[in-house]
$ cat my_file27.txt   # compact mmCIF, C-alpha atoms and all ligand atoms
# COMPACT_ATOMS: atom_id res chain seq x y z
CA MET A 1 121.41 52.84 301.36
CA THR A 2 122.70 52.73 304.90
CA ASP A 3 126.19 53.93 305.78
CA HIS A 4 127.31 50.36 306.01
CA GLU A 5 125.88 49.47 302.62
CA GLU A 6 127.43 52.54 301.07
CA GLY A 7 130.78 51.45 302.45
CA ALA A 8 130.37 48.01 300.94
CA TRP A 9 129.43 49.48 297.56
CA LEU A 10 132.34 51.88 297.65
CA GLU A 11 134.68 49.03 298.41
CA ARG A 12 133.43 47.23 295.32
CA VAL A 13 133.83 50.41 293.30
CA ALA A 14 137.46 50.49 294.43
CA GLU A 15 137.86 47.08 292.85
CA GLY A 16 136.54 48.35 289.55
CA ASP A 17 133.03 46.96 289.87
CA ARG A 18 130.94 48.98 287.43
CA ALA A 19 127.59 47.73 288.60
CA ALA A 20 128.42 48.93 292.10
CA PHE A 21 129.52 52.27 290.69
CA GLU A 22 126.31 52.63 288.74
CA ARG A 23 124.33 52.05 291.88
CA LEU A 24 126.34 54.57 293.84
CA TYR A 25 125.99 57.02 290.96
CA ARG A 26 122.23 56.77 290.91
CA ALA A 27 121.99 57.05 294.67
CA PHE A 28 124.19 60.14 294.92
CA TYR A 29 123.42 62.03 291.74
CA PRO A 30 120.19 63.70 292.92
CA ARG A 31 121.61 64.52 296.35
CA LEU A 32 124.74 66.00 294.89
CA PHE A 33 122.81 67.88 292.25
CA GLY A 34 120.73 69.82 294.78
CA TYR A 35 123.71 70.46 297.01
CA VAL A 36 126.07 71.63 294.27
CA LEU A 37 123.39 73.85 292.79
CA LYS A 38 122.82 75.55 296.11
CA VAL A 39 126.52 76.11 296.64
CA CYS A 40 127.44 77.35 293.16
CA ARG A 41 124.08 78.75 291.97
CA ARG A 42 125.08 77.99 288.41
CA PRO A 43 122.59 75.64 286.73
CA ASP A 44 124.85 75.59 283.68
CA LEU A 45 127.71 74.08 285.67
CA VAL A 46 125.95 71.68 288.01
CA GLU A 47 125.75 68.66 285.75
CA GLU A 48 129.44 68.95 284.90
CA ILE A 49 130.50 69.34 288.54
CA VAL A 50 128.39 66.41 289.72
CA ASN A 51 129.75 64.13 287.02
CA ASP A 52 133.31 65.25 287.70
CA THR A 53 132.74 64.52 291.36
CA LEU A 54 131.50 61.02 290.67
CA LEU A 55 134.40 60.41 288.27
CA ALA A 56 136.75 61.38 291.10
CA VAL A 57 134.88 58.95 293.35
CA TRP A 58 135.48 56.17 290.84
CA ARG A 59 139.15 57.01 290.53
CA SER A 60 139.83 57.38 294.22
CA ALA A 61 137.44 54.97 295.91
CA GLY A 62 140.48 53.06 297.14
CA ARG A 63 141.58 56.06 299.16
CA PHE A 64 138.46 56.15 301.26
CA ASP A 65 139.70 55.27 304.70
CA GLY A 66 136.45 54.42 306.43
CA ARG A 67 136.86 57.06 309.12
CA SER A 68 134.00 59.21 307.93
CA ARG A 69 130.69 58.33 306.40
CA VAL A 70 130.80 57.65 302.69
CA SER A 71 128.42 60.54 302.07
CA THR A 72 130.65 62.91 304.05
CA TRP A 73 133.61 61.93 301.93
CA ILE A 74 131.72 62.30 298.65
CA PHE A 75 130.17 65.64 299.63
CA GLY A 76 133.65 66.86 300.50
CA ILE A 77 134.86 66.00 297.01
CA ALA A 78 131.84 67.78 295.52
CA TYR A 79 132.55 70.84 297.65
CA ARG A 80 136.13 71.15 296.48
CA LYS A 81 135.17 70.41 292.86
CA THR A 82 132.61 73.20 293.03
CA LEU A 83 135.01 75.78 294.43
CA LYS A 84 137.66 74.77 291.92
CA ARG A 85 135.23 75.05 289.05
CA LEU A 86 134.03 78.46 290.17
CA ALA A 87 137.61 79.66 290.39
CA ARG A 88 138.31 78.80 286.76
CA ARG A 89 138.59 81.74 284.44
CA ASP A 90 135.85 80.53 282.14
CA ALA A 91 133.46 80.30 285.07
CA ALA A 92 132.83 84.03 284.83
CA ALA A 93 129.15 84.81 284.92
CA PRO A 94 126.92 87.28 286.68
CA ALA A 95 127.26 86.36 290.32
CA GLU A 96 123.75 87.41 291.05
CA PRO A 97 121.01 86.68 288.55
CA PRO A 98 118.59 89.51 287.88
CA ALA A 99 115.65 89.59 290.22
CA GLY A 100 112.74 87.49 289.04
CA ALA A 101 114.93 85.41 286.77
CA GLU A 102 115.75 82.69 289.24
CA PRO A 103 117.09 79.57 287.64
CA ALA A 104 114.46 76.88 287.50
CA VAL A 105 116.01 73.44 287.61
CA ALA A 106 112.81 71.52 287.38
CA ALA A 107 109.34 72.80 286.88
CA VAL A 108 108.09 74.25 290.09
CA GLY A 109 104.71 72.76 289.36
CA ALA A 110 102.03 73.18 291.89
CA LEU A 111 103.97 74.99 294.58
CA ARG A 112 101.69 77.47 296.17
CA LEU A 113 102.37 81.07 295.40
CA GLU A 114 103.58 82.07 298.83
CA ARG A 115 106.00 79.20 298.88
CA ARG A 116 107.32 80.30 295.57
CA GLU A 117 107.73 83.83 296.81
CA LEU A 118 109.57 82.58 299.85
CA ARG A 119 111.80 80.44 297.70
CA ASP A 120 112.65 83.31 295.41
CA ALA A 121 113.31 85.66 298.28
CA LEU A 122 115.52 83.14 300.02
CA ASP A 123 117.39 82.34 296.82
CA ARG A 124 118.11 85.99 296.24
CA ALA A 125 119.27 86.45 299.81
CA LEU A 126 121.56 83.42 299.58
CA ALA A 127 122.97 84.64 296.29
CA GLY A 128 124.76 87.42 298.12
CA LEU A 129 126.76 85.00 300.25
CA PRO A 130 130.11 83.51 299.30
CA PRO A 131 129.86 79.84 298.25
CA GLU A 132 131.71 78.75 301.39
CA GLN A 133 128.92 80.20 303.53
CA ARG A 134 126.15 78.87 301.31
CA ALA A 135 127.62 75.40 301.66
CA VAL A 136 127.43 75.56 305.43
CA VAL A 137 123.86 76.89 305.39
CA GLU A 138 122.80 74.14 303.00
CA LEU A 139 124.51 71.36 304.94
CA ALA A 140 123.20 72.57 308.29
CA TYR A 141 119.61 73.43 307.39
CA PHE A 142 118.78 71.19 304.47
CA HIS A 143 120.93 68.14 305.14
CA GLU A 144 120.67 68.67 308.90
CA LEU A 145 124.24 67.62 309.56
CA PRO A 146 126.03 68.21 312.86
CA TYR A 147 128.70 70.90 312.70
CA ALA A 148 131.46 68.34 313.17
CA GLU A 149 130.43 66.53 310.01
CA ILE A 150 130.15 69.79 308.08
CA ALA A 151 133.68 70.62 309.21
CA GLU A 152 134.84 67.33 307.71
CA ILE A 153 133.11 68.02 304.41
CA VAL A 154 134.43 71.53 303.94
CA GLY A 155 137.78 70.67 305.47
CA CYS A 156 138.04 73.30 308.19
CA PRO A 157 137.92 73.45 312.01
CA VAL A 158 134.50 73.26 313.69
CA ASN A 159 134.87 76.81 314.98
CA THR A 160 135.16 78.05 311.43
CA VAL A 161 131.95 76.25 310.54
CA LYS A 162 130.13 77.92 313.43
CA THR A 163 131.52 81.33 312.52
CA ARG A 164 130.62 80.94 308.86
CA MET A 165 127.10 80.01 309.79
CA PHE A 166 126.86 82.93 312.17
CA HIS A 167 127.96 85.42 309.52
CA ALA A 168 125.81 83.81 306.85
CA ARG A 169 122.77 84.15 309.10
CA ARG A 170 123.58 87.74 309.89
CA ARG A 171 123.70 88.58 306.19
CA LEU A 172 120.53 86.62 305.51
CA ARG A 173 118.78 88.67 308.14
CA GLU A 174 119.91 91.93 306.53
CA ARG A 175 118.55 90.81 303.20
CA LEU A 176 115.47 89.04 304.42
CA PRO A 177 114.36 90.60 307.68
CA ALA A 178 110.78 89.35 307.46
CA LEU A 179 111.62 85.71 307.00
CA GLY A 180 109.96 84.55 310.20
CA VAL A 181 106.70 86.27 309.38
CA THR A 182 106.71 85.14 305.79
CA ALA A 183 107.47 81.57 306.69
CA ALA A 184 104.95 81.34 309.47
CA GLU A 185 102.04 83.14 307.91
CA GLY A 186 102.60 82.77 304.22
CA ARG A 187 101.36 86.32 303.96
CA MET B 1 124.00 79.20 335.38
CA SER B 2 126.22 82.21 335.69
CA GLY B 3 124.12 85.31 335.89
CA ALA B 4 126.98 87.77 335.72
CA ALA B 5 125.82 90.47 333.37
CA GLY B 6 129.40 91.06 332.25
CA ASP B 7 129.82 87.77 330.43
CA ARG B 8 126.40 87.72 328.88
CA PRO B 9 127.39 89.08 325.45
CA THR B 10 130.10 86.46 325.10
CA ARG B 11 127.75 83.74 326.21
CA CYS B 12 125.06 84.95 323.81
CA ARG B 13 127.44 84.90 320.87
CA GLU B 14 128.59 81.42 321.80
CA VAL B 15 125.05 80.21 322.22
CA GLN B 16 123.87 81.83 319.02
CA GLU B 17 126.61 80.11 317.07
CA LEU B 18 125.10 76.82 318.21
CA LEU B 19 121.42 77.62 317.71
CA PRO B 20 121.18 76.43 314.08
CA TRP B 21 122.20 73.00 315.31
CA LEU B 22 119.80 73.14 318.22
CA ALA B 23 117.11 73.83 315.63
CA THR B 24 118.02 70.67 313.74
CA ALA B 25 118.46 68.65 316.93
CA THR B 26 122.04 67.70 316.12
CA LEU B 27 123.80 68.95 319.25
CA ASP B 28 125.04 66.35 321.66
CA ALA B 29 123.21 66.08 324.96
CA ALA B 30 125.68 68.08 327.05
CA GLU B 31 125.82 70.96 324.62
CA ARG B 32 122.07 70.98 324.22
CA GLU B 33 121.58 71.22 327.96
CA ARG B 34 124.00 74.11 328.24
CA VAL B 35 122.30 76.00 325.44
CA GLU B 36 118.83 75.34 326.78
CA ALA B 37 119.87 76.50 330.24
CA HIS B 38 120.97 79.77 328.72
CA LEU B 39 117.78 80.12 326.70
CA ASP B 40 115.72 79.86 329.88
CA GLY B 41 117.08 83.18 331.01
CA CYS B 42 117.69 84.99 327.72
CA PRO B 43 114.77 86.25 325.62
CA GLY B 44 117.16 87.59 322.98
CA CYS B 45 118.60 84.17 322.26
CA ARG B 46 115.13 82.61 322.35
CA ALA B 47 114.05 84.96 319.60
CA GLU B 48 117.19 84.01 317.71
CA LEU B 49 116.25 80.34 317.97
CA GLU B 50 112.85 81.10 316.48
CA ARG B 51 114.57 82.83 313.62
CA CYS B 52 116.80 79.76 313.10
CA GLU B 53 113.75 77.56 312.97
CA ALA B 54 112.13 79.80 310.39
CA GLU B 55 115.31 79.78 308.30
CA ARG B 56 115.52 76.05 308.44
CA ALA B 57 111.87 75.67 307.47
CA ALA B 58 112.37 78.06 304.56
CA VAL B 59 115.46 76.24 303.30
CA ARG B 60 113.69 72.92 303.46
CA THR B 61 110.54 74.21 301.80
CA ALA B 62 112.24 76.10 299.06
CA ARG B 63 113.34 73.11 297.13
CA ASP B 64 113.03 72.01 293.57
CA LEU B 65 112.93 68.35 292.89
CA ALA B 66 116.40 67.02 292.31
CA PRO B 67 116.54 65.33 288.93
CA ALA B 68 117.56 61.77 288.29
CA PRO B 69 120.51 61.55 285.91
CA HIS B 70 119.78 60.95 282.25
CA PRO B 71 121.18 57.51 281.32
CA ALA B 72 123.36 59.16 278.68
CA GLN B 73 125.27 60.93 281.42
CA LEU B 74 126.38 57.69 282.99
CA ALA B 75 127.36 56.34 279.58
CA ARG B 76 129.46 59.46 278.95
CA LEU B 77 131.07 59.07 282.32
CA PHE B 78 132.07 55.48 281.52
CA ASP B 79 133.56 56.80 278.28
CA ARG B 80 135.64 59.24 280.26
CA ILE B 81 136.71 56.43 282.57
CA GLU B 82 137.86 54.42 279.53
CA ARG B 83 139.87 57.35 278.30
CA GLY B 84 141.54 57.66 281.68
CA GLU B 85 140.48 61.25 282.08
CA LEU B 86 141.26 63.26 285.21
CA ASP B 87 144.88 63.47 286.20
CA ASP B 88 146.28 62.53 289.54
CA GLU B 89 147.25 66.04 290.46
CA GLU B 90 143.69 67.20 290.20
CA LEU B 91 142.52 64.15 292.08
CA GLY B 92 144.91 64.96 294.89
CA GLU B 93 143.43 68.41 295.22
CA VAL B 94 139.81 67.41 295.48
CA VAL B 95 140.00 64.18 297.40
CA ALA B 96 140.48 64.71 301.10
CA ARG B 97 143.42 62.95 302.62
CA PRO B 98 143.11 63.71 306.30
CA PRO B 99 146.09 62.88 308.47
CA ARG B 100 145.47 59.24 308.96
CA ARG B 101 146.18 56.86 311.71
CA SER B 102 147.96 53.81 310.49
CA LEU B 103 145.72 51.14 309.10
CA LEU B 104 147.07 48.73 311.65
CA ALA B 105 145.90 50.93 314.51
CA ARG B 106 142.34 50.40 313.37
CA THR B 107 142.66 46.64 313.06
CA PRO B 108 141.80 44.22 315.84
CA ARG B 109 144.92 43.36 317.75
CA ALA B 110 144.73 39.69 317.05
CA VAL B 111 144.54 40.33 313.37
CA ARG B 112 147.48 42.72 313.60
CA TRP B 113 149.65 39.89 314.81
CA LEU B 114 148.48 37.70 312.03
CA ILE B 115 149.14 40.41 309.50
CA ALA B 116 152.54 41.16 310.91
CA ALA B 117 153.40 37.52 310.36
CA GLN B 118 152.06 37.64 306.84
CA ILE B 119 153.98 40.80 306.06
CA ALA B 120 157.15 39.22 307.29
CA ALA B 121 156.51 36.18 305.16
CA PHE B 122 155.76 38.12 302.02
CA ALA B 123 157.97 41.14 302.51
CA GLY B 124 159.18 42.55 299.26
CA LEU B 125 156.74 40.69 297.11
CA GLY B 126 154.30 43.55 296.74
CA LEU B 127 151.47 41.53 298.15
CA TRP B 128 150.26 44.46 300.18
CA ALA B 129 148.23 45.46 297.19
CA LEU B 130 144.82 44.42 298.39
CA ARG B 131 143.53 47.66 297.04
CA ALA B 132 145.86 49.48 294.73
CA ASP B 133 144.91 53.14 294.53
CA GLU B 134 144.72 52.99 290.83
CA ALA B 135 142.47 50.18 289.83
CA ALA B 136 144.69 49.58 286.84
CA SER B 137 145.49 46.03 287.80
CA PRO B 138 142.39 43.92 287.87
CA GLY B 139 141.22 42.25 291.02
CA PHE B 140 143.81 41.53 293.59
CA ARG B 141 146.63 40.50 291.36
CA THR B 142 150.00 41.58 292.56
CA LEU B 143 152.28 44.13 291.02
CA SER B 144 155.14 41.91 289.98
CA ALA B 145 153.58 39.81 287.28
CA GLY B 146 155.50 36.64 286.64
CA GLN B 147 156.99 36.75 290.12
CA GLU B 148 153.88 35.72 291.89
CA SER B 149 154.58 33.25 294.60
CA SER B 150 151.05 33.09 295.85
CA ALA B 151 147.71 32.42 294.27
CA PRO B 152 145.60 35.44 293.35
CA ALA B 153 143.04 36.29 295.98
CA ARG B 154 139.74 34.57 295.61
CA LEU B 155 137.80 35.71 298.66
CA ARG B 156 137.27 38.89 300.55
CA VAL B 157 136.57 38.60 304.23
CA VAL B 158 135.85 40.80 307.22
CA PHE B 159 136.37 39.17 310.61
CA ALA B 160 134.33 39.96 313.67
CA ALA B 161 136.07 42.52 315.86
CA GLU B 162 136.17 40.15 318.81
CA ALA B 163 137.75 37.25 316.92
CA THR B 164 141.11 36.29 318.36
CA GLU B 165 144.23 35.50 316.44
CA SER B 166 144.13 31.82 317.37
CA GLU B 167 140.50 31.57 316.29
CA ILE B 168 141.27 33.17 312.97
CA ARG B 169 144.32 30.99 312.48
CA ALA B 170 142.35 27.85 313.23
CA LEU B 171 139.57 28.95 310.93
CA LEU B 172 141.92 29.66 308.04
CA LEU B 173 143.73 26.37 308.48
CA ALA B 174 140.44 24.49 308.59
CA ALA B 175 139.20 26.26 305.47
CA GLY B 176 142.50 25.78 303.64
CA LEU B 177 143.02 29.50 303.16
CA GLU B 178 145.82 31.99 303.52
CA ILE B 179 145.85 35.76 303.72
CA VAL B 180 147.34 37.37 300.64
CA GLY B 181 146.43 40.98 301.29
CA GLY B 182 144.78 43.51 303.50
CA PRO B 183 143.44 44.87 305.61
CA SER B 184 141.68 47.36 303.42
CA PRO B 185 140.63 50.60 305.12
CA LEU B 186 137.31 48.99 305.86
CA GLY B 187 138.96 45.96 307.40
CA ALA B 188 138.65 43.47 304.55
CA TYR B 189 141.29 40.82 303.97
CA ALA B 190 142.08 39.11 300.71
CA LEU B 191 142.32 35.36 301.04
CA ALA B 192 143.46 32.68 298.63
CA PRO B 193 143.11 28.90 298.84
CA ARG B 194 146.21 26.96 299.73
CA PRO B 195 147.40 24.60 297.00
CA GLY B 196 144.77 21.95 296.49
CA GLY B 197 142.20 23.91 298.44
CA ASP B 198 138.64 24.28 297.28
CA PRO B 199 137.53 27.94 297.28
CA ARG B 200 133.84 27.04 297.28
CA ALA B 201 134.07 24.82 300.30
CA ALA B 202 136.24 27.47 301.95
CA LEU B 203 133.63 30.12 301.31
CA ALA B 204 130.92 27.92 302.82
CA THR B 205 133.10 27.31 305.88
CA LEU B 206 133.70 31.03 306.34
CA ARG B 207 130.07 31.96 305.93
CA SER B 208 128.93 29.48 308.50
CA ASP B 209 131.38 30.80 311.07
CA PRO B 210 130.20 33.43 313.55
CA ARG B 211 133.64 35.03 313.64
CA VAL B 212 133.26 36.04 310.01
CA ARG B 213 131.15 39.10 309.44
CA PHE B 214 131.36 39.12 305.71
CA ALA B 215 132.78 36.82 303.05
CA GLU B 216 132.40 37.00 299.33
CA PRO B 217 134.25 35.93 296.22
CA VAL B 218 136.43 38.55 294.60
CA ALA B 219 134.77 39.89 291.50
CA GLY B 220 136.95 39.88 288.46
CA ALA B 221 136.95 43.09 286.48
CA PRO B 222 137.38 41.88 282.94
CA GLU B 223 135.67 44.70 281.03
CA ARG B 224 137.89 47.44 282.32
CA ASP B 225 140.89 46.02 280.47
CA ALA B 226 139.12 46.08 277.15
CA ALA B 227 140.08 49.67 276.61
CA ARG B 228 138.55 51.44 273.69
CA PRO B 229 140.73 53.44 271.39
ZN ZN C 1 121.62 85.04 325.16

$ encode --input "my_file27.txt" --output "structure tokens"
Amino acid sequence: MTDHEEGAWLERVAEGDRAAFERLYRAFYPRLFGYVLKVCRRPDLVEEIVNDTLLAVWRSAGRFDGRSRVSTWIFGIAYRKTLKRLARRDAAAPAEPPAGAEPAVAAVGALRLERRELRDALDRALAGLPPEQRAVVELAYFHELPYAEIAEIVGCPVNTVKTRMFHARRRLRERLPALGVTAAEGR
Amino acid sequence: MSGAAGDRPTRCREVQELLPWLATATLDAAERERVEAHLDGCPGCRAELERCEAERAAVRTARDLAPAPHPAQLARLFDRIERGELDDEELGEVVARPPRRSLLARTPRAVRWLIAAQIAAFAGLGLWALRADEAASPGFRTLSAGQESSAPARLRVVFAAEATESEIRALLLAAGLEIVGGPSPLGAYALAPRPGGDPRAALATLRSDPRVRFAEPVAGAPERDAARP
């Protein structure tokens, strides 16, 4: 879906059009799933957060003011839902899963071993960051969004986005100094 | 390029804060040029850029397949919608409401005049409900049931940005339509046929007109009223 199409679908959602909502749901569910998982690192909560996010989209589609992209707006809702959910008392869980017990969302399948090692190492390194920093890393590197758009999603000034990324990268480097070598040569 | 050694650390920090976005090619041209000019003379920041590129590659490689939702999830969600779950307070917290310019400021000037006239004509009748926040009332029907002085909206239209007020007025008169609501945040207006007007013919007229970017009938939303217990 293009931005323009997404806007048109959202407008129909605002009118209570369920078919439009279903389409938006299917388009956004996988994207939100990966994003929310990376931010909260809690496979047990992701499905709930993504569905809550899309319920909020249904309820508030009429508030979308067309000034940002639809995806920016929806990712912003998902971001705040995630932080809110993590702040709940019953969200308590080990912040950092034991080494080697990384949550597998889908079967890793035929990923080559070195890729898997890299993934595990990176996951462990990211686990030590606060969710606010993980969100910026994910949006910048995986979704490849400009910092201005990330600022809109997480609702803070652009300078804060840059600083968060800077600190996140510094901590990643402490935990994963050999990243460049590993990534380039696969060891 | 300023080569003063004294300001180098500051410059490096500034540049390094931007490098992740240089690595994903999302800086604007001016910023990119500034950063690249600095990189020419700074091996430290060049190494940092390489590191950013490796990080980005790792993040993009290290990815499980995102699952498609199980159909039951959507069904459950529709159940929750029926039950009216999720209170407004919570909604207010998670849905961004940035300080907004007025809707009128984002509307073509010509249309603003037209709308101002419409508002004056319908003031107090609650017809400004093109898109009620809560979709509780189906379609475009107005808030004061029984007091409706105008037909319910039948068409939704977006005019071309360059259309003038007189063009729009002439078009609406020719098509036998009047504005009963809008603009929505995306610039859509709700139109209804004047008494005796034919909505189908009106729709055809609108669609054949270059000053209309988008025109479609308003979808009724009958199922949502059939609330389950
Ligand atoms: Zn430098």

$ interface_residues --input "my_file27.txt" --of "chain A" --to "chain B" --cutoff "7 Å" --atoms "only C-alpha atoms" --output "JSON, numbers by chain"
{"A": [14, 15, 16, 17, 29, 30, 33, 34, 55, 56, 59, 60, 62, 63, 65, 66, 77, 80, 81, 105, 106, 108, 115, 119, 141, 142, 144, 145, 146, 162, 163, 166, 179, 180, 183]}

$ residues_near_ligand --input "my_file27.txt" --ligand "ligand ZN 1 (chain C)" --cutoff "9 Å" --atoms "all atoms listed in the file" --output "PDB file with C-alpha atoms, in the coordinates of the input"
ATOM      1  CA  ARG B   8     126.400  87.720 328.880  1.00  0.00           C
ATOM      2  CA  PRO B   9     127.390  89.080 325.450  1.00  0.00           C
ATOM      3  CA  THR B  10     130.100  86.460 325.100  1.00  0.00           C
ATOM      4  CA  ARG B  11     127.750  83.740 326.210  1.00  0.00           C
ATOM      5  CA  CYS B  12     125.060  84.950 323.810  1.00  0.00           C
ATOM      6  CA  ARG B  13     127.440  84.900 320.870  1.00  0.00           C
ATOM      7  CA  GLU B  14     128.590  81.420 321.800  1.00  0.00           C
ATOM      8  CA  VAL B  15     125.050  80.210 322.220  1.00  0.00           C
ATOM      9  CA  GLN B  16     123.870  81.830 319.020  1.00  0.00           C
ATOM     10  CA  HIS B  38     120.970  79.770 328.720  1.00  0.00           C
ATOM     11  CA  LEU B  39     117.780  80.120 326.700  1.00  0.00           C
ATOM     12  CA  GLY B  41     117.080  83.180 331.010  1.00  0.00           C
ATOM     13  CA  CYS B  42     117.690  84.990 327.720  1.00  0.00           C
ATOM     14  CA  PRO B  43     114.770  86.250 325.620  1.00  0.00           C
ATOM     15  CA  GLY B  44     117.160  87.590 322.980  1.00  0.00           C
ATOM     16  CA  CYS B  45     118.600  84.170 322.260  1.00  0.00           C
ATOM     17  CA  ARG B  46     115.130  82.610 322.350  1.00  0.00           C
ATOM     18  CA  GLU B  48     117.190  84.010 317.710  1.00  0.00           C
TER      19      GLU B  48
END

$ atom_distance --input "my_file27.txt" --atom1 "atom CA of A:Val137" --atom2 "atom CA of A:Arg23"
28.3 Å

$ closest_residue --input "my_file27.txt" --among "B:Leu49, B:Arg83, B:Val180, B:Ile168" --to "B:Asp209" --atoms "all atoms listed in the file"
B:Ile168

$ atom_distance --input "my_file27.txt" --atom1 "atom CA of B:Ala175" --atom2 "atom CA of B:Leu191"
10.6 Å

$ atom_distance --input "my_file27.txt" --atom1 "atom CA of B:Asp79" --atom2 "atom CA of A:Asn51"
12.0 Å

$ closest_residue --input "my_file27.txt" --among "A:Asp123, A:Glu47, A:Glu174, A:Glu149" --to "A:Ala78" --atoms "only C-alpha atoms"
A:Glu47

$ closest_residue --input "my_file27.txt" --among "B:Ala72, B:Glu178, B:Arg211, B:Ala170" --to "B:Gly197" --atoms "all atoms listed in the file"
B:Glu178

$ closest_residue --input "my_file27.txt" --among "A:Ala8, A:Ala125, A:Leu86, A:Ala151" --to "A:Phe64" --atoms "all atoms listed in the file"
A:Ala8

$ closest_residue --input "my_file27.txt" --among "A:Arg116, A:Arg134, A:His143, A:Arg69" --to "A:Val161" --atoms "all atoms listed in the file"
A:Arg134
